[in-house]
Amino acid sequence: MLDQWFLTAEERGNPDTDLDSRHPDGQAWTTGNLVRPLVHGRAYFSRLLEVVEGLRAGDLLLFTDWRGDLDERLDGAGSEVGRVLGRAAGRGVTVRGLMWRSHLELLSFSSRPNRRLAEELNLSGAQVVLDHRVHRNGSHHQKLVVVRRSAGTGGTGSASSTSSADSADSADSADSADSANGPGDDAVAFVGGIDLCYSRRDDAAHAGDPQSQPIADAYGQAPPWHDIQVEVRGPAVGDLERTFRERWDDPASPNNPNPPRQAYYRFRPVETDPDRLPPQAEDPAPVGPHAVQILRTYPRRRPHYPFARHGERSIARAYRKALRRARRLIYLEDQYMWSTEVARLFAEALRREPELHLVIVVPRFPTQGGRFALPPNLVGREQALEICRTAGGERVGVYDVENHAGTPVYVHSKAVTVDDVWASVGSDNLNRRSWSHDSELAVATIDTTLDLREPADPGGLGDGARVFARELRLELWREHLDWDGDDAELLDPEAGFKAFRRRAEQLEAWHHGGQVGPRPPGRVRPHQPQRLNRLTRAWAAPLYHAVYDPDGRPRRMRGDNTW
């Protein structure tokens with residue numbers, strides 16, 4: 001059944017990559033993996049710290065990021081991102097990074113923190129490239145860490161976090177690494193929506209990261225932040241490493257071609273001619289029951305990516321294929337959900353399948369407010385949600401999240417499950433930019449282990465519910481609904497949909513009733529997008545399409561509305 005859900009190599013639509021042909025069986029996915037969701041930045045950062053501090057001389061650490069803050073702590077004092085990665089390089093670990101070069105701080109981007117992180121790590125012995133090989137007005141949005149142990153250095157993830165001086169930390173963490181921690185511990189990767197930067201180190205209580213970057217005033221001084229990363233072990237780590245190497249080996253200049261920026265680089269140069277990586281080791285051995293397909297977005301640009309001369313839109317194509325198989329329940333969390341082209345795919349599924357339900361969790365407010373910044377952020381979502389609601393009516397539920405103090409939680413996660421079979425977690429948002437314009441990376445997972453709890457086959461196609469997708473959905477729902485009882489009601493697509501709506505409506509009624517009596521359980525409320533008047537929409541829509549959510553597809557594909 002995997003070929004009914006996953007893309008084939010031909011369906012990926014990118015003959016320039018060897019991501020699929022490198023597999024011995026020729027399939028466009030790998031089996032025998034173990035994928036673990038890490039919900040919230042604190043869980044991810046803690047696990048990443050454990051892995052990195054266990055690395056020794058000769059090991060390999062590769063990372064890509066959209067934004068990185070040198071002093072963001074992964075845990076306590078001494079666990080700052082720059083110090084942790086710098087210590088690893090000082091121990092002889094081969095540390096290589098690709099940070100987006102970024103637009104200017106004046107435009108609310110991250111050129112300065114990305115440059116600081118790259119400069120400091122390069123001084124420590126790492127090589128970090130500020131990479132601007134992007135589409136015009138585009139970005140590198142992939143969030144990836146790959147760790148490969150050299151032969152004989154043992155398993156990852158055995159050293160504990162540390163807070164002493166750098167030199168002592170380096171020695172202690174090297175000495176404390178065990179020789180092995182079980183199958184697959186020589187290779188691990190992390191993929192998802194979590195950058196190594198401010199605001200991300202939150203947990204289920206959603207009190208926010210003590211090191212926060214201000215966003216819209218409604219979120220407060222320490223914005224609560226909901227996000228997801230996955231930890232991947234097994235053969236799929238080889239595909240993720242190959243994804244990094246394709247970008248690293250791109251011969252094009254990583255500099256921004258803008259003349260003023262070029263002049264600035266002459267005074268503040270950062271690594272632009274990195275060393276070649278050591279040869280890629282064999283893919284890790286099978287370690288678990290999960291089939292994994294690596295999905296990407298790359299735009300068509302000039303000069304061409306040698307690994308995607310016409311771009312790659314496998315994330316969009318994977319959604320299109322999975323949604324055609326949806327029958328009972330689509331659950332998604334997304335930062336944006338604001339493109340009409342994306343919404344139409346969900347609307348088509350809702351019209352085709354009269355028993356299909358759609359639950360969407362989004363942020364209550366965009367990150368940016370103000371008279372001129374807010375409307376372009378609102379216009380796309382207003383249109384997209386209207387398309388879905390028109391198609392599905394009462395079978396569509398759209399919600400946002402708050403913590404128990406009533407402060408909105410910024411939903412930054414990018415996750416979807418379809419009929420408790422197919423699940424995807426990545427850096428990609430549900431918009432044109434992520435599906436065609438920026439670089440993105442996602443991990444689609446199908447568990448070979450059936451979940452026999454009723455309904456055992458919610459889609460009715462004989463695929464059966466799968467443990468990974470179902471447990472991912474239930475973990476997220478338990479948190480959002482404050483659900484501490486039996487899962488039976490949540491397992492059934494229609495009953496679970498009603499339970500979600502019931503908790504949201506109860507909390508909404510409590511707020512509207514003056515918050516009298518105990519606060520009802522649950523953290524979700526019905527999402528009420530702000531309506532724009534006709535005049536505001538008239539000027540905001542062109543700005544939204546041109547700047548906020550550009551379309552990176554070739555002209556012919558735009559005309560045909562294909563991906």
# chains A, B, ... in the order shown; residues from 1 in each chain; ligands from 1
>>> select_by_dssp(residues="region 261-495 of chain A", states="strand (DSSP E)", output="NGL selection string")
:A and (290-298 or 312-313 or 329-333 or 357-361 or 396-401 or 410-411 or 415-418 or 422-426 or 440-447)
>>> write_last_selection(atoms="N, CA and C atoms", output="CSV table (one decimal), in the first residue's frame")
chain,number,residue,atom,x,y,z
A,290,HIS,N,9.1,2.0,10.4
A,290,HIS,CA,8.5,3.2,9.7
A,290,HIS,C,9.1,3.3,8.3
A,291,ALA,N,8.2,3.4,7.4
A,291,ALA,CA,8.6,3.8,6.0
A,291,ALA,C,8.6,5.3,5.9
A,292,VAL,N,9.6,5.9,5.3
A,292,VAL,CA,9.8,7.3,5.3
A,292,VAL,C,10.1,7.8,3.9
A,293,GLN,N,9.4,8.9,3.5
A,293,GLN,CA,9.8,9.5,2.2
A,293,GLN,C,10.2,11.0,2.5
A,294,ILE,N,11.3,11.3,2.0
A,294,ILE,CA,11.9,12.7,2.1
A,294,ILE,C,11.3,13.6,1.0
A,295,LEU,N,10.7,14.7,1.4
A,295,LEU,CA,10.0,15.6,0.5
A,295,LEU,C,10.7,16.9,0.6
A,296,ARG,N,10.8,17.6,-0.6
A,296,ARG,CA,11.5,18.9,-0.6
A,296,ARG,C,10.7,19.9,-1.5
A,297,THR,N,11.1,21.2,-1.3
A,297,THR,CA,10.7,22.2,-2.3
A,297,THR,C,12.0,22.9,-2.7
A,298,TYR,N,12.2,23.1,-4.0
A,298,TYR,CA,13.3,24.0,-4.5
A,298,TYR,C,12.6,24.7,-5.7
A,312,GLU,N,12.0,21.5,-7.6
A,312,GLU,CA,11.3,20.3,-7.1
A,312,GLU,C,10.2,20.8,-6.2
A,313,ARG,N,9.0,20.2,-6.4
A,313,ARG,CA,7.8,20.5,-5.7
A,313,ARG,C,7.2,19.2,-5.1
A,329,LEU,N,-10.8,11.7,7.9
A,329,LEU,CA,-10.3,12.8,8.8
A,329,LEU,C,-8.9,13.3,8.4
A,330,ILE,N,-8.8,14.6,8.1
A,330,ILE,CA,-7.5,15.3,7.9
A,330,ILE,C,-7.3,16.2,9.1
A,331,TYR,N,-6.2,16.0,9.7
A,331,TYR,CA,-5.8,16.9,10.8
A,331,TYR,C,-4.6,17.7,10.5
A,332,LEU,N,-4.6,19.0,10.6
A,332,LEU,CA,-3.4,19.7,10.2
A,332,LEU,C,-3.1,20.9,11.2
A,333,GLU,N,-1.9,21.1,11.5
A,333,GLU,CA,-1.4,22.3,12.2
A,333,GLU,C,-0.5,23.1,11.3
A,357,HIS,N,-13.9,14.8,7.3
A,357,HIS,CA,-13.8,15.9,8.3
A,357,HIS,C,-12.4,16.6,8.2
A,358,LEU,N,-12.3,17.9,8.4
A,358,LEU,CA,-11.1,18.6,8.4
A,358,LEU,C,-10.9,19.4,9.6
A,359,VAL,N,-9.9,19.2,10.4
A,359,VAL,CA,-9.6,20.0,11.6
A,359,VAL,C,-8.3,20.8,11.3
A,360,ILE,N,-8.3,22.1,11.5
A,360,ILE,CA,-7.2,23.0,11.2
A,360,ILE,C,-6.9,23.7,12.4
A,361,VAL,N,-5.6,23.8,12.8
A,361,VAL,CA,-5.1,24.6,14.0
A,361,VAL,C,-4.1,25.6,13.5
A,396,VAL,N,-15.9,21.1,8.7
A,396,VAL,CA,-14.6,21.9,8.8
A,396,VAL,C,-14.6,22.6,10.1
A,397,GLY,N,-13.5,22.4,10.9
A,397,GLY,CA,-13.3,23.1,12.1
A,397,GLY,C,-12.0,23.8,12.1
A,398,VAL,N,-12.0,25.1,12.4
A,398,VAL,CA,-10.7,25.8,12.4
A,398,VAL,C,-10.6,26.4,13.8
A,399,TYR,N,-9.4,26.2,14.4
A,399,TYR,CA,-9.2,26.6,15.8
A,399,TYR,C,-7.8,27.3,16.0
A,400,ASP,N,-7.8,28.1,17.0
A,400,ASP,CA,-6.5,28.6,17.5
A,400,ASP,C,-6.3,28.1,18.9
A,401,VAL,N,-5.1,28.4,19.5
A,401,VAL,CA,-4.7,27.9,20.8
A,401,VAL,C,-4.3,29.0,21.8
A,410,TYR,N,1.4,30.9,19.8
A,410,TYR,CA,1.8,31.0,18.4
A,410,TYR,C,2.0,29.6,17.8
A,411,VAL,N,1.2,29.2,16.9
A,411,VAL,CA,1.3,27.9,16.3
A,411,VAL,C,2.3,28.0,15.1
A,415,ALA,N,2.4,20.2,10.5
A,415,ALA,CA,2.2,18.8,10.6
A,415,ALA,C,0.8,18.5,10.1
A,416,VAL,N,0.7,17.3,9.5
A,416,VAL,CA,-0.6,16.8,9.0
A,416,VAL,C,-0.7,15.3,9.2
A,417,THR,N,-1.9,14.8,9.5
A,417,THR,CA,-2.2,13.4,9.4
A,417,THR,C,-3.4,13.2,8.5
A,418,VAL,N,-3.4,12.1,7.8
A,418,VAL,CA,-4.6,11.8,6.9
A,418,VAL,C,-5.1,10.3,7.3
A,422,TRP,N,-1.1,8.3,6.9
A,422,TRP,CA,0.0,9.1,6.4
A,422,TRP,C,0.2,10.3,7.3
A,423,ALA,N,1.4,10.6,7.6
A,423,ALA,CA,1.8,11.8,8.5
A,423,ALA,C,3.0,12.5,7.9
A,424,SER,N,3.0,13.8,7.9
A,424,SER,CA,4.1,14.6,7.5
A,424,SER,C,4.4,15.7,8.5
A,425,VAL,N,5.7,15.8,8.8
A,425,VAL,CA,6.2,16.9,9.7
A,425,VAL,C,7.4,17.5,9.0
A,426,GLY,N,7.4,18.8,8.9
A,426,GLY,CA,8.5,19.5,8.2
A,426,GLY,C,8.6,20.9,8.4
A,440,GLU,N,12.5,23.9,1.2
A,440,GLU,CA,11.7,23.3,2.3
A,440,GLU,C,12.1,21.8,2.4
A,441,LEU,N,11.8,21.3,3.6
A,441,LEU,CA,12.1,19.9,3.8
A,441,LEU,C,11.1,19.2,4.8
A,442,ALA,N,10.6,18.1,4.4
A,442,ALA,CA,9.6,17.4,5.2
A,442,ALA,C,9.9,15.9,5.2
A,443,VAL,N,9.4,15.2,6.3
A,443,VAL,CA,9.5,13.8,6.5
A,443,VAL,C,8.1,13.2,6.5
A,444,ALA,N,7.7,12.5,5.5
A,444,ALA,CA,6.4,11.8,5.4
A,444,ALA,C,6.6,10.3,6.0
A,445,THR,N,5.7,9.9,6.8
A,445,THR,CA,5.9,8.6,7.5
A,445,THR,C,4.7,7.8,7.5
A,446,ILE,N,4.8,6.5,7.1
A,446,ILE,CA,3.8,5.5,7.3
A,446,ILE,C,4.3,4.3,8.1
A,447,ASP,N,3.7,4.1,9.2
A,447,ASP,CA,4.1,3.0,10.1
A,447,ASP,C,3.6,1.6,9.5
>>> residues_around(residues="Arg389 (chain A)", least_positions_apart="2", cutoff="12 Å", atoms="only C-alpha atoms", output="PyMOL selection string")
chain A and resi 343-344+346-348+350-351+357-360+381-387+391-398
>>> closest_residue(among="A:Ser314, A:Gln530, A:Ser79, A:Thr31", to="Ser439 (chain A)", atoms="only C-alpha atoms")
A:Ser314
>>> select_by_dssp(residues="region 218-425 of chain A", states="alpha helix (DSSP H)", output="MDAnalysis selection string")
chainID A and resid 236:248 259:267 314:324 340:352 374:392
>>> closest_residue(among="A:Leu277, A:Leu452, A:Ala216, A:Ala504", to="Thr367 (chain A)", atoms="only C-alpha atoms")
A:Ala216
>>> decode(residues="region 330-346 of chain A", atoms="all heavy atoms", output="compact mmCIF listing (two decimals), in the first residue's frame")
# COMPACT_ATOMS: atom_id res chain seq x y z
N ILE A 330 -8.81 14.57 8.12
CA ILE A 330 -7.54 15.25 7.90
C ILE A 330 -7.31 16.17 9.10
O ILE A 330 -8.18 16.98 9.43
CB ILE A 330 -7.55 16.09 6.61
CG1 ILE A 330 -7.85 15.23 5.39
CG2 ILE A 330 -6.21 16.82 6.44
CD1 ILE A 330 -8.15 16.05 4.14
N TYR A 331 -6.18 16.01 9.74
CA TYR A 331 -5.82 16.92 10.84
C TYR A 331 -4.56 17.65 10.46
O TYR A 331 -3.57 17.04 10.05
CB TYR A 331 -5.59 16.16 12.15
CG TYR A 331 -5.10 17.08 13.25
CD1 TYR A 331 -5.93 18.10 13.71
CD2 TYR A 331 -3.83 16.96 13.78
CE1 TYR A 331 -5.49 18.98 14.70
CE2 TYR A 331 -3.39 17.83 14.77
CZ TYR A 331 -4.22 18.83 15.22
OH TYR A 331 -3.78 19.71 16.20
N LEU A 332 -4.56 18.97 10.58
CA LEU A 332 -3.36 19.73 10.24
C LEU A 332 -3.15 20.88 11.20
O LEU A 332 -4.09 21.48 11.73
CB LEU A 332 -3.41 20.22 8.79
CG LEU A 332 -4.46 21.23 8.36
CD1 LEU A 332 -3.95 22.65 8.55
CD2 LEU A 332 -4.83 21.00 6.91
N GLU A 333 -1.88 21.14 11.46
CA GLU A 333 -1.43 22.32 12.19
C GLU A 333 -0.51 23.09 11.26
O GLU A 333 0.40 22.51 10.65
CB GLU A 333 -0.67 21.93 13.46
CG GLU A 333 -1.51 21.16 14.45
CD GLU A 333 -0.78 20.87 15.76
OE1 GLU A 333 0.43 21.21 15.88
OE2 GLU A 333 -1.42 20.29 16.66
N ASP A 334 -0.74 24.40 11.16
CA ASP A 334 0.05 25.17 10.22
C ASP A 334 0.15 26.62 10.66
O ASP A 334 -0.81 27.19 11.18
CB ASP A 334 -0.54 25.09 8.81
CG ASP A 334 0.44 25.58 7.76
OD1 ASP A 334 1.43 24.87 7.50
OD2 ASP A 334 0.21 26.66 7.19
N GLN A 335 1.30 27.19 10.39
CA GLN A 335 1.55 28.59 10.73
C GLN A 335 0.72 29.55 9.88
O GLN A 335 0.36 30.63 10.34
CB GLN A 335 3.04 28.87 10.54
CG GLN A 335 3.48 30.29 10.86
CD GLN A 335 4.96 30.49 10.54
OE1 GLN A 335 5.62 29.59 10.01
NE2 GLN A 335 5.49 31.66 10.87
N TYR A 336 0.42 29.15 8.65
CA TYR A 336 -0.24 30.07 7.73
C TYR A 336 -1.59 29.56 7.21
O TYR A 336 -2.62 30.13 7.51
CB TYR A 336 0.68 30.38 6.54
CG TYR A 336 1.91 31.16 6.96
CD1 TYR A 336 3.20 30.67 6.70
CD2 TYR A 336 1.80 32.38 7.60
CE1 TYR A 336 4.32 31.39 7.09
CE2 TYR A 336 2.91 33.10 7.99
CZ TYR A 336 4.17 32.60 7.74
OH TYR A 336 5.28 33.30 8.12
N MET A 337 -1.57 28.51 6.41
CA MET A 337 -2.81 28.04 5.75
C MET A 337 -3.51 29.22 5.09
O MET A 337 -4.61 29.63 5.44
CB MET A 337 -3.73 27.35 6.76
CG MET A 337 -4.99 26.74 6.14
SD MET A 337 -4.64 25.55 4.82
CE MET A 337 -6.26 25.25 4.16
N TRP A 338 -2.83 29.79 4.06
CA TRP A 338 -3.41 31.01 3.51
C TRP A 338 -3.35 31.13 1.99
O TRP A 338 -3.59 32.20 1.45
CB TRP A 338 -2.79 32.24 4.16
CG TRP A 338 -1.32 32.46 3.96
CD1 TRP A 338 -0.46 31.75 3.21
CD2 TRP A 338 -0.56 33.53 4.54
NE1 TRP A 338 0.81 32.28 3.28
CE2 TRP A 338 0.78 33.38 4.10
CE3 TRP A 338 -0.85 34.59 5.39
CZ2 TRP A 338 1.80 34.26 4.48
CZ3 TRP A 338 0.17 35.45 5.77
CH2 TRP A 338 1.47 35.29 5.32
N SER A 339 -3.10 30.07 1.27
CA SER A 339 -3.09 30.16 -0.19
C SER A 339 -4.36 29.52 -0.76
O SER A 339 -4.70 28.39 -0.41
CB SER A 339 -1.86 29.46 -0.78
OG SER A 339 -0.69 30.15 -0.42
N THR A 340 -5.00 30.21 -1.69
CA THR A 340 -6.21 29.65 -2.30
C THR A 340 -5.88 28.40 -3.11
O THR A 340 -6.68 27.45 -3.15
CB THR A 340 -6.89 30.69 -3.20
OG1 THR A 340 -5.95 31.16 -4.19
CG2 THR A 340 -7.37 31.87 -2.39
N GLU A 341 -4.70 28.37 -3.75
CA GLU A 341 -4.32 27.21 -4.55
C GLU A 341 -4.19 25.97 -3.67
O GLU A 341 -4.53 24.85 -4.07
CB GLU A 341 -3.01 27.46 -5.29
CG GLU A 341 -3.10 28.51 -6.37
CD GLU A 341 -2.89 29.92 -5.84
OE1 GLU A 341 -2.93 30.13 -4.61
OE2 GLU A 341 -2.67 30.82 -6.67
N VAL A 342 -3.67 26.15 -2.45
CA VAL A 342 -3.55 25.04 -1.51
C VAL A 342 -4.93 24.66 -0.97
O VAL A 342 -5.28 23.47 -0.89
CB VAL A 342 -2.60 25.43 -0.36
CG1 VAL A 342 -2.59 24.34 0.71
CG2 VAL A 342 -1.19 25.67 -0.89
N ALA A 343 -5.72 25.65 -0.60
CA ALA A 343 -7.03 25.38 -0.03
C ALA A 343 -7.91 24.60 -0.99
O ALA A 343 -8.74 23.77 -0.56
CB ALA A 343 -7.71 26.69 0.35
N ARG A 344 -7.76 24.83 -2.28
CA ARG A 344 -8.62 24.14 -3.26
C ARG A 344 -8.38 22.63 -3.24
O ARG A 344 -9.31 21.85 -3.53
CB ARG A 344 -8.38 24.71 -4.65
CG ARG A 344 -8.95 26.11 -4.83
CD ARG A 344 -8.94 26.56 -6.28
NE ARG A 344 -9.30 27.97 -6.39
CZ ARG A 344 -8.45 28.95 -6.68
NH1 ARG A 344 -7.19 28.66 -6.92
NH2 ARG A 344 -8.86 30.20 -6.74
N LEU A 345 -7.16 22.19 -2.93
CA LEU A 345 -6.90 20.76 -2.84
C LEU A 345 -7.70 20.13 -1.69
O LEU A 345 -8.25 19.03 -1.83
CB LEU A 345 -5.41 20.49 -2.65
CG LEU A 345 -4.49 20.86 -3.82
CD1 LEU A 345 -3.05 20.56 -3.47
CD2 LEU A 345 -4.90 20.12 -5.08
N PHE A 346 -7.76 20.83 -0.57
CA PHE A 346 -8.55 20.34 0.56
C PHE A 346 -10.04 20.41 0.23
O PHE A 346 -10.82 19.51 0.59
CB PHE A 346 -8.24 21.15 1.81
CG PHE A 346 -6.87 20.90 2.36
CD1 PHE A 346 -5.78 21.66 1.96
CD2 PHE A 346 -6.65 19.89 3.28
CE1 PHE A 346 -4.51 21.43 2.47
CE2 PHE A 346 -5.38 19.65 3.80
CZ PHE A 346 -4.31 20.42 3.38
